[in-house]
$ cat model_9.pdb   # PDB, C-alpha atoms
ATOM      1  CA  MET A   1    -117.642  56.204  -5.284
ATOM      2  CA  LYS A   2    -118.426  53.057  -7.263
ATOM      3  CA  VAL A   3    -118.974  53.451 -11.009
ATOM      4  CA  PHE A   4    -120.103  51.007 -13.673
ATOM      5  CA  ALA A   5    -119.005  51.744 -17.264
ATOM      6  CA  ASN A   6    -120.533  49.831 -20.174
ATOM      7  CA  LYS A   7    -118.809  48.693 -23.383
ATOM      8  CA  GLU A   8    -119.824  48.143 -26.978
ATOM      9  CA  ARG A   9    -117.640  44.990 -27.231
ATOM     10  CA  SER A  10    -116.983  45.435 -30.939
ATOM     11  CA  GLY A  11    -113.265  46.118 -30.624
ATOM     12  CA  TRP A  12    -113.771  49.617 -32.026
ATOM     13  CA  ILE A  13    -113.566  53.135 -30.601
ATOM     14  CA  LEU A  14    -116.132  52.888 -27.784
ATOM     15  CA  ASP A  15    -114.281  49.989 -26.222
ATOM     16  CA  GLU A  16    -111.055  52.005 -26.345
ATOM     17  CA  ILE A  17    -112.784  54.933 -24.622
ATOM     18  CA  HIS A  18    -114.032  52.512 -21.976
ATOM     19  CA  ASP A  19    -110.577  51.082 -21.372
ATOM     20  CA  ASP A  20    -109.048  54.541 -20.984
ATOM     21  CA  PHE A  21    -111.747  55.575 -18.536
ATOM     22  CA  VAL A  22    -111.155  52.474 -16.427
ATOM     23  CA  SER A  23    -107.402  53.189 -16.444
ATOM     24  CA  TYR A  24    -107.589  56.879 -15.520
ATOM     25  CA  THR A  25    -110.672  57.301 -13.330
ATOM     26  CA  LYS A  26    -110.114  57.813  -9.628
ATOM     27  CA  HIS A  27    -113.349  55.999  -8.862
ATOM     28  CA  GLU A  28    -113.809  52.304  -8.121
ATOM     29  CA  ILE A  29    -115.048  50.373 -11.153
ATOM     30  CA  SER A  30    -117.760  48.008 -10.010
ATOM     31  CA  SER A  31    -120.798  46.104 -11.297
ATOM     32  CA  LYS A  32    -122.171  45.594  -7.787
ATOM     33  CA  ASN A  33    -124.565  48.303  -6.666
ATOM     34  CA  PRO A  34    -122.685  51.190  -8.334
ATOM     35  CA  ASP A  35    -123.437  54.717  -7.225
ATOM     36  CA  ALA A  36    -123.381  55.835 -10.845
ATOM     37  CA  CYS A  37    -123.207  54.388 -14.345
ATOM     38  CA  PHE A  38    -121.174  55.879 -17.168
ATOM     39  CA  VAL A  39    -122.949  54.838 -20.364
ATOM     40  CA  ILE A  40    -120.218  55.063 -22.996
ATOM     41  CA  ASN A  41    -122.247  52.950 -25.410
ATOM     42  CA  PRO A  42    -125.601  54.810 -25.572
ATOM     43  CA  TRP A  43    -127.221  51.971 -27.518
ATOM     44  CA  GLY A  44    -127.000  49.985 -24.271
ATOM     45  CA  LEU A  45    -128.652  52.685 -22.157
ATOM     46  CA  SER A  46    -131.934  50.853 -21.536
ATOM     47  CA  GLN A  47    -130.141  47.685 -20.460
ATOM     48  CA  VAL A  48    -127.934  49.611 -18.034
ATOM     49  CA  LYS A  49    -130.912  51.423 -16.506
ATOM     50  CA  SER A  50    -132.813  48.145 -16.176
ATOM     51  CA  ARG A  51    -129.844  46.438 -14.536
ATOM     52  CA  PHE A  52    -129.098  49.279 -12.113
ATOM     53  CA  PRO A  53    -132.436  51.089 -11.544
ATOM     54  CA  ASN A  54    -131.230  52.891  -8.412
ATOM     55  CA  SER A  55    -127.966  54.212  -9.874
ATOM     56  CA  LYS A  56    -127.487  57.656 -11.359
ATOM     57  CA  VAL A  57    -126.775  57.557 -15.095
ATOM     58  CA  LEU A  58    -124.347  59.682 -17.102
ATOM     59  CA  THR A  59    -124.826  59.015 -20.828
ATOM     60  CA  LEU A  60    -122.301  59.950 -23.508
ATOM     61  CA  GLN A  61    -124.196  61.010 -26.653
ATOM     62  CA  HIS A  62    -121.472  60.957 -29.283
ATOM     63  CA  HIS A  63    -123.168  62.810 -32.121
ATOM     64  CA  ILE A  64    -126.529  63.503 -33.709
ATOM     65  CA  ASP A  65    -126.858  62.971 -37.437
ATOM     66  CA  THR A  66    -129.343  65.697 -38.362
ATOM     67  CA  LEU A  67    -129.889  63.932 -41.676
ATOM     68  CA  LYS A  68    -131.387  60.978 -39.768
ATOM     69  CA  LEU A  69    -133.232  62.448 -36.797
ATOM     70  CA  ASP A  70    -135.981  59.846 -37.064
ATOM     71  CA  LEU A  71    -133.519  57.187 -35.879
ATOM     72  CA  TYR A  72    -133.100  58.796 -32.441
ATOM     73  CA  ASP A  73    -135.283  58.080 -29.409
ATOM     74  CA  PHE A  74    -134.766  61.296 -27.471
ATOM     75  CA  ASN A  75    -137.498  60.435 -24.959
ATOM     76  CA  ARG A  76    -135.661  57.241 -24.015
ATOM     77  CA  LEU A  77    -132.375  59.115 -23.777
ATOM     78  CA  GLU A  78    -133.815  61.794 -21.511
ATOM     79  CA  SER A  79    -135.901  59.537 -19.282
ATOM     80  CA  ASN A  80    -133.071  57.083 -18.623
ATOM     81  CA  SER A  81    -130.281  59.646 -18.080
ATOM     82  CA  ASP A  82    -129.573  61.975 -15.179
ATOM     83  CA  LEU A  83    -126.941  63.800 -17.216
ATOM     84  CA  ILE A  84    -126.120  63.631 -20.926
ATOM     85  CA  VAL A  85    -122.622  64.566 -22.106
ATOM     86  CA  VAL A  86    -121.946  65.714 -25.668
ATOM     87  CA  PRO A  87    -118.434  66.284 -27.048
ATOM     88  CA  ASN A  88    -118.939  69.460 -29.072
ATOM     89  CA  LYS A  89    -120.950  72.650 -29.494
ATOM     90  CA  PHE A  90    -122.855  71.413 -32.564
ATOM     91  CA  THR A  91    -124.226  68.321 -30.830
ATOM     92  CA  TYR A  92    -125.062  70.431 -27.778
ATOM     93  CA  GLU A  93    -127.117  72.902 -29.807
ATOM     94  CA  GLU A  94    -128.992  70.086 -31.542
ATOM     95  CA  LEU A  95    -129.652  67.987 -28.445
ATOM     96  CA  ILE A  96    -131.161  70.804 -26.392
ATOM     97  CA  LYS A  97    -133.849  71.066 -29.073
ATOM     98  CA  HIS A  98    -135.036  67.588 -28.063
ATOM     99  CA  VAL A  99    -134.322  67.151 -24.327
ATOM    100  CA  ASP A 100    -134.241  69.296 -21.188
ATOM    101  CA  LYS A 101    -131.298  71.680 -21.466
ATOM    102  CA  LYS A 102    -130.565  71.260 -17.758
ATOM    103  CA  LYS A 103    -129.583  67.647 -18.386
ATOM    104  CA  VAL A 104    -127.037  68.387 -21.120
ATOM    105  CA  VAL A 105    -123.347  69.117 -20.542
ATOM    106  CA  GLN A 106    -120.622  69.707 -23.144
ATOM    107  CA  LEU A 107    -117.353  67.932 -22.407
ATOM    108  CA  SER A 108    -114.814  66.919 -25.027
ATOM    109  CA  TYR A 109    -113.387  63.542 -25.886
ATOM    110  CA  TRP A 110    -109.849  62.838 -24.797
ATOM    111  CA  VAL A 111    -107.149  61.628 -27.172
ATOM    112  CA  LEU A 112    -106.910  57.881 -26.697
ATOM    113  CA  ASP A 113    -104.000  56.880 -24.514
ATOM    114  CA  LYS A 114    -102.762  54.395 -27.115
ATOM    115  CA  ARG A 115    -102.393  57.221 -29.673
ATOM    116  CA  THR A 116     -99.782  58.884 -27.467
ATOM    117  CA  LYS A 117     -97.439  55.881 -27.557
ATOM    118  CA  GLU A 118     -94.300  55.616 -29.656
ATOM    119  CA  SER A 119     -94.293  53.418 -32.747
ATOM    120  CA  SER A 120     -91.430  52.020 -34.761
ATOM    121  CA  GLY A 121     -91.053  51.016 -38.384
ATOM    122  CA  SER A 122     -92.792  53.965 -40.032
ATOM    123  CA  GLU A 123     -89.875  54.675 -42.370
ATOM    124  CA  GLU A 124     -89.865  51.099 -43.645
ATOM    125  CA  LEU A 125     -93.653  51.042 -44.072
ATOM    126  CA  LYS A 126     -93.638  54.385 -45.852
ATOM    127  CA  LYS A 127     -91.114  53.054 -48.362
ATOM    128  CA  LYS A 128     -93.495  50.178 -49.110
ATOM    129  CA  LEU A 129     -96.555  52.408 -49.372
ATOM    130  CA  SER A 130     -94.759  55.144 -51.305
ATOM    131  CA  PRO A 131     -92.182  53.389 -53.535
ATOM    132  CA  ASN A 132     -92.230  56.214 -56.089
ATOM    133  CA  GLY A 133     -92.365  59.141 -53.716
ATOM    134  CA  GLU A 134     -96.161  59.335 -53.553
ATOM    135  CA  LYS A 135     -97.591  61.830 -51.078
ATOM    136  CA  LEU A 136     -99.715  59.801 -48.654
ATOM    137  CA  ILE A 137    -103.128  61.197 -47.683
ATOM    138  CA  GLY A 138    -104.985  59.417 -44.883
ATOM    139  CA  SER A 139    -108.602  58.740 -43.992
ATOM    140  CA  PHE A 140    -109.296  56.384 -41.058
ATOM    141  CA  GLN A 141    -113.033  56.066 -40.377
ATOM    142  CA  LYS A 142    -116.259  54.277 -41.246
ATOM    143  CA  ASP A 143    -118.047  56.155 -44.017
ATOM    144  CA  GLY A 144    -120.350  53.650 -45.721
ATOM    145  CA  GLU A 145    -123.933  52.664 -44.952
ATOM    146  CA  GLY A 146    -123.552  49.203 -43.457
ATOM    147  CA  LYS A 147    -122.238  46.667 -45.942
ATOM    148  CA  SER A 148    -123.606  48.503 -48.965
ATOM    149  CA  ASN A 149    -121.795  50.707 -51.478
ATOM    150  CA  LYS A 150    -123.816  53.720 -50.337
ATOM    151  CA  PRO A 151    -121.893  56.594 -48.757
ATOM    152  CA  LYS A 152    -122.663  57.863 -45.273
ATOM    153  CA  MET A 153    -123.155  61.462 -46.285
ATOM    154  CA  SER A 154    -122.523  62.821 -42.795
ATOM    155  CA  LYS A 155    -118.917  61.601 -43.140
ATOM    156  CA  GLY A 156    -118.386  63.360 -46.479
ATOM    157  CA  PRO A 157    -116.603  60.640 -48.491
ATOM    158  CA  ASP A 158    -117.895  62.300 -51.674
ATOM    159  CA  VAL A 159    -116.092  65.512 -50.715
ATOM    160  CA  PHE A 160    -112.928  63.590 -49.859
ATOM    161  CA  VAL A 161    -112.879  61.968 -53.306
ATOM    162  CA  GLU A 162    -113.384  65.278 -55.077
ATOM    163  CA  ILE A 163    -110.490  66.892 -53.207
ATOM    164  CA  VAL A 164    -108.118  63.981 -53.690
ATOM    165  CA  ASP A 165    -109.032  63.725 -57.365
ATOM    166  CA  LYS A 166    -108.041  67.346 -57.981
ATOM    167  CA  ILE A 167    -104.770  66.895 -56.078
ATOM    168  CA  HIS A 168    -104.077  63.699 -58.042
ATOM    169  CA  GLN A 169    -104.277  65.695 -61.271
ATOM    170  CA  LYS A 170    -101.291  67.770 -60.118
ATOM    171  CA  GLU A 171     -99.310  65.546 -57.741
ATOM    172  CA  ASN A 172     -98.250  61.945 -57.308
ATOM    173  CA  VAL A 173    -100.490  60.917 -54.408
ATOM    174  CA  LYS A 174    -101.792  57.749 -52.787
ATOM    175  CA  VAL A 175    -104.711  57.448 -50.376
ATOM    176  CA  ILE A 176    -104.249  55.384 -47.207
ATOM    177  CA  LEU A 177    -107.533  54.055 -45.844
ATOM    178  CA  ALA A 178    -108.385  52.296 -42.591
ATOM    179  CA  GLY A 179    -111.723  51.372 -41.047
ATOM    180  CA  TYR A 180    -114.830  49.402 -41.912
ATOM    181  CA  ASN A 181    -117.425  50.055 -44.610
ATOM    182  CA  ARG A 182    -115.225  51.864 -47.131
ATOM    183  CA  ARG A 183    -116.794  50.319 -50.251
ATOM    184  CA  TYR A 184    -118.103  53.584 -51.675
ATOM    185  CA  LEU A 185    -114.756  55.295 -51.309
ATOM    186  CA  THR A 186    -112.639  52.458 -52.687
ATOM    187  CA  SER A 187    -114.982  52.166 -55.659
ATOM    188  CA  GLU A 188    -114.759  55.892 -56.390
ATOM    189  CA  LEU A 189    -110.960  55.894 -56.103
ATOM    190  CA  GLU A 190    -110.732  52.976 -58.510
ATOM    191  CA  ASN A 191    -113.082  54.633 -60.991
ATOM    192  CA  ARG A 192    -110.913  57.752 -61.010
ATOM    193  CA  GLY A 193    -107.618  55.897 -61.183
ATOM    194  CA  ILE A 194    -106.410  57.190 -57.824
ATOM    195  CA  PRO A 195    -104.005  54.746 -56.139
ATOM    196  CA  TYR A 196    -104.831  53.652 -52.598
ATOM    197  CA  GLU A 197    -104.045  51.091 -49.916
ATOM    198  CA  PHE A 198    -106.834  49.815 -47.698
ATOM    199  CA  PHE A 199    -106.332  48.392 -44.199
ATOM    200  CA  GLU A 200    -109.707  47.381 -42.785
ATOM    201  CA  LYS A 201    -108.209  47.104 -39.311
ATOM    202  CA  HIS A 202    -104.489  47.792 -39.092
ATOM    203  CA  LYS A 203    -102.752  46.257 -36.086
ATOM    204  CA  ASP A 204    -100.954  49.539 -35.298
ATOM    205  CA  LEU A 205    -102.830  52.683 -36.260
ATOM    206  CA  ASN A 206    -100.035  54.804 -34.787
ATOM    207  CA  LEU A 207     -97.662  53.348 -37.345
ATOM    208  CA  LEU A 208    -100.130  54.064 -40.131
ATOM    209  CA  TYR A 209    -100.557  57.665 -38.986
ATOM    210  CA  ASP A 210     -96.796  58.151 -38.827
ATOM    211  CA  CYS A 211     -96.461  57.304 -42.529
ATOM    212  CA  LEU A 212     -98.811  60.046 -43.662
ATOM    213  CA  ASP A 213     -98.015  63.358 -45.295
ATOM    214  CA  SER A 214    -101.544  64.693 -44.746
ATOM    215  CA  TYR A 215    -104.847  63.744 -43.155
ATOM    216  CA  PHE A 216    -108.213  65.070 -44.358
ATOM    217  CA  VAL A 217    -111.471  65.250 -42.396
ATOM    218  CA  THR A 218    -114.261  66.123 -44.840
ATOM    219  CA  SER A 219    -117.296  65.314 -42.682
ATOM    220  CA  ARG A 220    -120.519  67.279 -42.560
ATOM    221  CA  ILE A 221    -121.448  66.066 -39.056
ATOM    222  CA  GLU A 222    -119.191  64.610 -36.349
ATOM    223  CA  GLY A 223    -118.857  63.859 -32.682
ATOM    224  CA  GLY A 224    -115.080  64.208 -32.564
ATOM    225  CA  PRO A 225    -113.918  62.951 -34.884
ATOM    226  CA  GLN A 226    -111.065  61.116 -33.215
ATOM    227  CA  ALA A 227    -108.767  62.134 -36.083
ATOM    228  CA  VAL A 228    -108.743  65.797 -34.978
ATOM    229  CA  LEU A 229    -107.115  64.555 -31.768
ATOM    230  CA  GLU A 230    -105.058  61.719 -33.207
ATOM    231  CA  ALA A 231    -103.387  63.450 -36.143
ATOM    232  CA  PRO A 232    -102.161  66.353 -33.974
ATOM    233  CA  ILE A 233    -100.785  64.073 -31.237
ATOM    234  CA  ARG A 234     -98.875  62.159 -33.958
ATOM    235  CA  ARG A 235     -97.735  65.490 -35.484
ATOM    236  CA  ILE A 236     -99.478  64.756 -38.802
ATOM    237  CA  PRO A 237    -100.618  67.761 -40.921
ATOM    238  CA  ILE A 238    -104.420  67.866 -40.957
ATOM    239  CA  LEU A 239    -107.139  69.853 -42.706
ATOM    240  CA  SER A 240    -110.748  69.578 -41.558
ATOM    241  CA  THR A 241    -114.207  70.936 -42.056
ATOM    242  CA  ASP A 242    -115.502  72.884 -39.052
ATOM    243  CA  VAL A 243    -117.300  69.944 -37.494
ATOM    244  CA  GLY A 244    -117.346  68.324 -34.073
ATOM    245  CA  MET A 245    -114.355  69.279 -31.949
ATOM    246  CA  ALA A 246    -112.224  70.512 -34.864
ATOM    247  CA  SER A 247    -112.364  74.197 -33.919
ATOM    248  CA  ALA A 248    -111.568  73.375 -30.267
ATOM    249  CA  VAL A 249    -108.386  71.478 -31.176
ATOM    250  CA  LEU A 250    -107.026  72.668 -34.519
ATOM    251  CA  ASP A 251    -105.492  75.981 -35.455
ATOM    252  CA  PRO A 252    -108.158  78.060 -37.266
ATOM    253  CA  GLU A 253    -106.031  78.000 -40.419
ATOM    254  CA  CYS A 254    -106.586  74.226 -40.629
ATOM    255  CA  LEU A 255    -110.371  74.592 -40.884
ATOM    256  CA  CYS A 256    -111.713  74.494 -44.437
ATOM    257  CA  ASN A 257    -114.911  75.692 -46.042
ATOM    258  CA  GLY A 258    -115.436  73.845 -49.294
ATOM    259  CA  VAL A 259    -113.281  71.988 -51.794
ATOM    260  CA  ASP A 260    -111.477  75.060 -53.131
ATOM    261  CA  ASP A 261    -110.443  76.064 -49.613
ATOM    262  CA  TYR A 262    -108.989  72.590 -49.008
ATOM    263  CA  LEU A 263    -107.035  72.729 -52.218
ATOM    264  CA  GLN A 264    -105.681  76.212 -51.624
ATOM    265  CA  LYS A 265    -104.519  75.398 -48.092
ATOM    266  CA  TYR A 266    -103.112  72.027 -49.151
ATOM    267  CA  PHE A 267    -101.003  73.423 -51.988
ATOM    268  CA  GLN A 268     -99.868  76.341 -49.825
ATOM    269  CA  GLY A 269     -98.804  73.927 -47.071
ATOM    270  CA  VAL A 270    -100.892  75.695 -44.443
ATOM    271  CA  HIS A 271    -101.563  72.446 -42.565
ATOM    272  CA  VAL A 272     -97.847  71.634 -42.499
ATOM    273  CA  SER A 273     -97.032  74.990 -40.920
ATOM    274  CA  CYS A 274     -99.581  74.343 -38.141
ATOM    275  CA  VAL A 275     -98.288  70.955 -36.967
ATOM    276  CA  GLU A 276     -96.592  72.227 -33.809
ATOM    277  CA  LYS A 277     -99.498  74.544 -32.929
ATOM    278  CA  ASN A 278    -101.930  71.631 -33.201
ATOM    279  CA  TYR A 279     -99.609  69.417 -31.153
ATOM    280  CA  GLN A 280     -99.550  71.984 -28.358
ATOM    281  CA  ASN A 281    -103.333  72.454 -28.534
ATOM    282  CA  VAL A 282    -104.054  68.746 -28.154
ATOM    283  CA  GLN A 283    -102.148  68.569 -24.864
ATOM    284  CA  ARG A 284    -105.300  69.940 -23.216
ATOM    285  CA  PHE A 285    -107.142  66.795 -24.272
ATOM    286  CA  LEU A 286    -104.952  64.106 -22.740
ATOM    287  CA  PRO A 287    -106.868  61.411 -20.820
ATOM    288  CA  LYS A 288    -105.347  62.304 -17.462
ATOM    289  CA  ILE A 289    -106.991  65.722 -17.818
ATOM    290  CA  VAL A 290    -110.343  64.964 -19.451
ATOM    291  CA  VAL A 291    -111.151  61.765 -17.529
ATOM    292  CA  GLY A 292    -110.721  63.826 -14.365
ATOM    293  CA  GLN A 293    -113.424  66.164 -15.668
ATOM    294  CA  PHE A 294    -115.741  63.201 -16.254
ATOM    295  CA  ASP A 295    -115.015  62.056 -12.698
ATOM    296  CA  GLU A 296    -116.169  65.445 -11.431
ATOM    297  CA  LEU A 297    -119.433  65.145 -13.385
ATOM    298  CA  LEU A 298    -120.068  61.705 -11.891
ATOM    299  CA  GLU A 299    -119.472  63.067  -8.395
ATOM    300  CA  ARG A 300    -121.715  66.077  -8.999
ATOM    301  CA  MET A 301    -124.489  63.849 -10.293
ATOM    302  CA  ALA A 302    -124.338  61.368  -7.412
TER     303      ALA A 302
END

$ encode --input "model_9.pdb" --output "structure tokens"
Amino acid sequence: MKVFANKERSGWILDEIHDDFVSYTKHEISSKNPDACFVINPWGLSQVKSRFPNSKVLTLQHHIDTLKLDLYDFNRLESNSDLIVVPNKFTYEELIKHVDKKKVVQLSYWVLDKRTKESSGSEELKKKLSPNGEKLIGSFQKDGEGKSNKPKMSKGPDVFVEIVDKIHQKENVKVILAGYNRRYLTSELENRGIPYEFFEKHKDLNLLYDCLDSYFVTSRIEGGPQAVLEAPIRRIPILSTDVGMASAVLDPECLCNGVDDYLQKYFQGVHVSCVEKNYQNVQRFLPKIVVGQFDELLERMA
């Protein structure tokens, strides 16, 4: 069958999901009378439906920020989609409050193909980032409100700062940041005297991951996040709140409930002991497996 897949064209995660889908799907990618459309960028849903009014539409709804429900047009989402895919149980339970349950399917993200590739130079980079033996703690996301200094509370940067601050009081640590809109976090780290390095868009995120001693996800609401797939595939110790896909990928011991739980598990090295378990778990989320499941949904819909 012929499938059209849309892009965000921002050079960020949705474009990478698009590129993986194009690489791994068994269907023909076409913009000429497609049998179905895979709307990876849901903000472009109306344009896709207008362009291909006779095509079936599978829309990927990445997350729902329950702190900002007024920003969502659920009627538009439902009326323009034949099926709506959500990546985790939390988004599923929220979405079926607003649209017909029969239209909603839960199917996970896959780990991006590029995150599975080898990198070189991590030892040299780590020496530069950690000249005095600092433990490197990573956070690669967007967690600010636009270009302001306001935090995006769903991403939990306030929780991240509190945890890192308490670790900094006992250990020599440095925070490694990547992503856009990190003004709140960088400001808070500076105010507390916590050393950090900030890469708005690093040319090789694999290399940056491979330098880390730990990765923290402190979000309150998530779709994935991608880090719960990426850190395990790079064999990086990770601790996360129970959000998004975290419980589907990570060992239960790596899930944290509150700041004290993070600190206890961090200092006990729980996340370090789970690296191989998480690596084995994430093998179920490789693109060759999950894209095939999306292909089946497209076929079922058409």

$ residues_near_point --input "model_9.pdb" --point "(-109.4, 64.5, -16.3)" --cutoff "12 Å" --atoms "only C-alpha atoms" --output "PyMOL selection string"
chain A and resi 20-21+23-27+107-111+283-298

$ closest_residue --input "model_9.pdb" --among "A:Glu222, A:Glu190, A:Asp261, A:Asp35" --to "Met153 (chain A)" --atoms "only C-alpha atoms"
A:Glu222

$ residues_around --input "model_9.pdb" --residues "Ile29 (chain A)" --least-positions-apart "5" --cutoff "8 Å" --atoms "all atoms listed in the file" --output "ChimeraX atom specification"
/A:2-5,22

$ resolve_selection --input "model_9.pdb" --expression "the PyMOL selection byres ((chain A and resi 189) around 12)" --output "PyMOL selection string"
chain A and resi 157-158+160-166+168+173-177+182-188+190-198

$ residues_around --input "model_9.pdb" --residues "Leu207 (chain A)" --least-positions-apart "2" --cutoff "8 Å" --atoms "all atoms listed in the file" --output "MDAnalysis selection string"
chainID A and resid 119:122 204:205 209:211

$ closest_atom_pairs --input "model_9.pdb" --of "region 188-216 of chain A" --to "region 273-281 of chain A" --cutoff "12 Å" --atoms "only C-alpha atoms" --output "CSV"
residue,atom,partner,partner_atom,distance
A:Asp213,CA,A:Val275,CA,11.3
A:Ser214,CA,A:Val275,CA,10.5
A:Tyr215,CA,A:Val275,CA,11.5

$ write_last_selection --input "model_9.pdb" --atoms "C-alpha atoms" --output "short mmCIF file (atom, residue, chain, number, x, y, z; two decimals), keeping the file's coordinate frame"
data_model
loop_
_atom_site.label_atom_id
_atom_site.label_comp_id
_atom_site.auth_asym_id
_atom_site.auth_seq_id
_atom_site.Cartn_x
_atom_site.Cartn_y
_atom_site.Cartn_z
CA ASP A 213 -98.02 63.36 -45.30
CA SER A 214 -101.54 64.69 -44.75
CA TYR A 215 -104.85 63.74 -43.16
#

$ closest_residue --input "model_9.pdb" --among "A:Ala36, A:Lys114, A:Lys103, A:Ala231" --to "Asn54 (chain A)" --atoms "all atoms listed in the file"
A:Ala36

$ resolve_selection --input "model_9.pdb" --expression "the PyMOL selection byres ((chain A and resi 243) around 8)" --output "number ranges by chain"
A: 90, 219-224, 240-242, 244-247

$ residues_around --input "model_9.pdb" --residues "Thr59 (chain A)" --least-positions-apart "6" --cutoff "8 Å" --atoms "only C-alpha atoms" --output "list in words"
Phe38, Val39, Ile40, Pro42, Leu45, Ser81, Asp82, Leu83, Ile84 and Val85 of chain A

$ write_last_selection --input "model_9.pdb" --atoms "C-alpha atoms" --output "short mmCIF file (atom, residue, chain, number, x, y, z; two decimals), in the frame of the given file"
data_model
loop_
_atom_site.label_atom_id
_atom_site.label_comp_id
_atom_site.auth_asym_id
_atom_site.auth_seq_id
_atom_site.Cartn_x
_atom_site.Cartn_y
_atom_site.Cartn_z
CA PHE A 38 -121.17 55.88 -17.17
CA VAL A 39 -122.95 54.84 -20.36
CA ILE A 40 -120.22 55.06 -23.00
CA PRO A 42 -125.60 54.81 -25.57
CA LEU A 45 -128.65 52.68 -22.16
CA SER A 81 -130.28 59.65 -18.08
CA ASP A 82 -129.57 61.98 -15.18
CA LEU A 83 -126.94 63.80 -17.22
CA ILE A 84 -126.12 63.63 -20.93
CA VAL A 85 -122.62 64.57 -22.11
#

$ decode --input "model_9.pdb" --residues "region 242-260 of chain A" --atoms "N, CA and C atoms" --output "PDB file, in the first residue's frame"
ATOM      1  N   ASP A 242       7.778   7.592  37.199  1.00  0.00           N
ATOM      2  CA  ASP A 242       6.920   6.641  36.484  1.00  0.00           C
ATOM      3  C   ASP A 242       6.007   7.427  35.548  1.00  0.00           C
ATOM      4  N   VAL A 243       6.574   7.841  34.436  1.00  0.00           N
ATOM      5  CA  VAL A 243       5.842   8.607  33.439  1.00  0.00           C
ATOM      6  C   VAL A 243       6.010   7.935  32.083  1.00  0.00           C
ATOM      7  N   GLY A 244       5.114   8.267  31.151  1.00  0.00           N
ATOM      8  CA  GLY A 244       5.268   7.808  29.783  1.00  0.00           C
ATOM      9  C   GLY A 244       5.499   6.311  29.676  1.00  0.00           C
ATOM     10  N   MET A 245       6.555   5.961  28.949  1.00  0.00           N
ATOM     11  CA  MET A 245       6.909   4.564  28.709  1.00  0.00           C
ATOM     12  C   MET A 245       7.885   4.001  29.732  1.00  0.00           C
ATOM     13  N   ALA A 246       8.224   4.766  30.756  1.00  0.00           N
ATOM     14  CA  ALA A 246       9.297   4.369  31.678  1.00  0.00           C
ATOM     15  C   ALA A 246       9.069   2.974  32.257  1.00  0.00           C
ATOM     16  N   SER A 247       7.863   2.689  32.709  1.00  0.00           N
ATOM     17  CA  SER A 247       7.610   1.390  33.342  1.00  0.00           C
ATOM     18  C   SER A 247       7.613   0.250  32.341  1.00  0.00           C
ATOM     19  N   ALA A 248       7.423   0.553  31.051  1.00  0.00           N
ATOM     20  CA  ALA A 248       7.433  -0.477  30.007  1.00  0.00           C
ATOM     21  C   ALA A 248       8.852  -0.854  29.602  1.00  0.00           C
ATOM     22  N   VAL A 249       9.808   0.049  29.862  1.00  0.00           N
ATOM     23  CA  VAL A 249      11.184  -0.159  29.398  1.00  0.00           C
ATOM     24  C   VAL A 249      12.140  -0.441  30.556  1.00  0.00           C
ATOM     25  N   LEU A 250      12.048   0.337  31.616  1.00  0.00           N
ATOM     26  CA  LEU A 250      13.043   0.277  32.684  1.00  0.00           C
ATOM     27  C   LEU A 250      12.705  -0.772  33.732  1.00  0.00           C
ATOM     28  N   ASP A 251      13.740  -1.297  34.358  1.00  0.00           N
ATOM     29  CA  ASP A 251      13.561  -2.171  35.503  1.00  0.00           C
ATOM     30  C   ASP A 251      12.798  -1.394  36.584  1.00  0.00           C
ATOM     31  N   PRO A 252      11.855  -2.031  37.265  1.00  0.00           N
ATOM     32  CA  PRO A 252      11.068  -1.324  38.291  1.00  0.00           C
ATOM     33  C   PRO A 252      11.915  -0.615  39.338  1.00  0.00           C
ATOM     34  N   GLU A 253      13.109  -1.131  39.616  1.00  0.00           N
ATOM     35  CA  GLU A 253      13.972  -0.501  40.607  1.00  0.00           C
ATOM     36  C   GLU A 253      14.457   0.878  40.158  1.00  0.00           C
ATOM     37  N   CYS A 254      14.378   1.158  38.867  1.00  0.00           N
ATOM     38  CA  CYS A 254      14.842   2.449  38.341  1.00  0.00           C
ATOM     39  C   CYS A 254      13.753   3.512  38.350  1.00  0.00           C
ATOM     40  N   LEU A 255      12.552   3.156  38.782  1.00  0.00           N
ATOM     41  CA  LEU A 255      11.452   4.111  38.862  1.00  0.00           C
ATOM     42  C   LEU A 255      11.440   4.748  40.247  1.00  0.00           C
ATOM     43  N   CYS A 256      11.315   6.065  40.283  1.00  0.00           N
ATOM     44  CA  CYS A 256      11.430   6.805  41.541  1.00  0.00           C
ATOM     45  C   CYS A 256      10.157   7.570  41.859  1.00  0.00           C
ATOM     46  N   ASN A 257       9.870   7.667  43.137  1.00  0.00           N
ATOM     47  CA  ASN A 257       8.704   8.386  43.616  1.00  0.00           C
ATOM     48  C   ASN A 257       9.154   9.456  44.601  1.00  0.00           C
ATOM     49  N   GLY A 258       9.497  10.618  44.059  1.00  0.00           N
ATOM     50  CA  GLY A 258       9.908  11.721  44.915  1.00  0.00           C
ATOM     51  C   GLY A 258      11.414  11.870  45.033  1.00  0.00           C
ATOM     52  N   VAL A 259      11.833  13.024  45.493  1.00  0.00           N
ATOM     53  CA  VAL A 259      13.245  13.388  45.570  1.00  0.00           C
ATOM     54  C   VAL A 259      14.023  12.416  46.455  1.00  0.00           C
ATOM     55  N   ASP A 260      13.490  12.087  47.608  1.00  0.00           N
ATOM     56  CA  ASP A 260      14.212  11.204  48.532  1.00  0.00           C
ATOM     57  C   ASP A 260      14.463   9.830  47.909  1.00  0.00           C
TER      58      ASP A 260
END
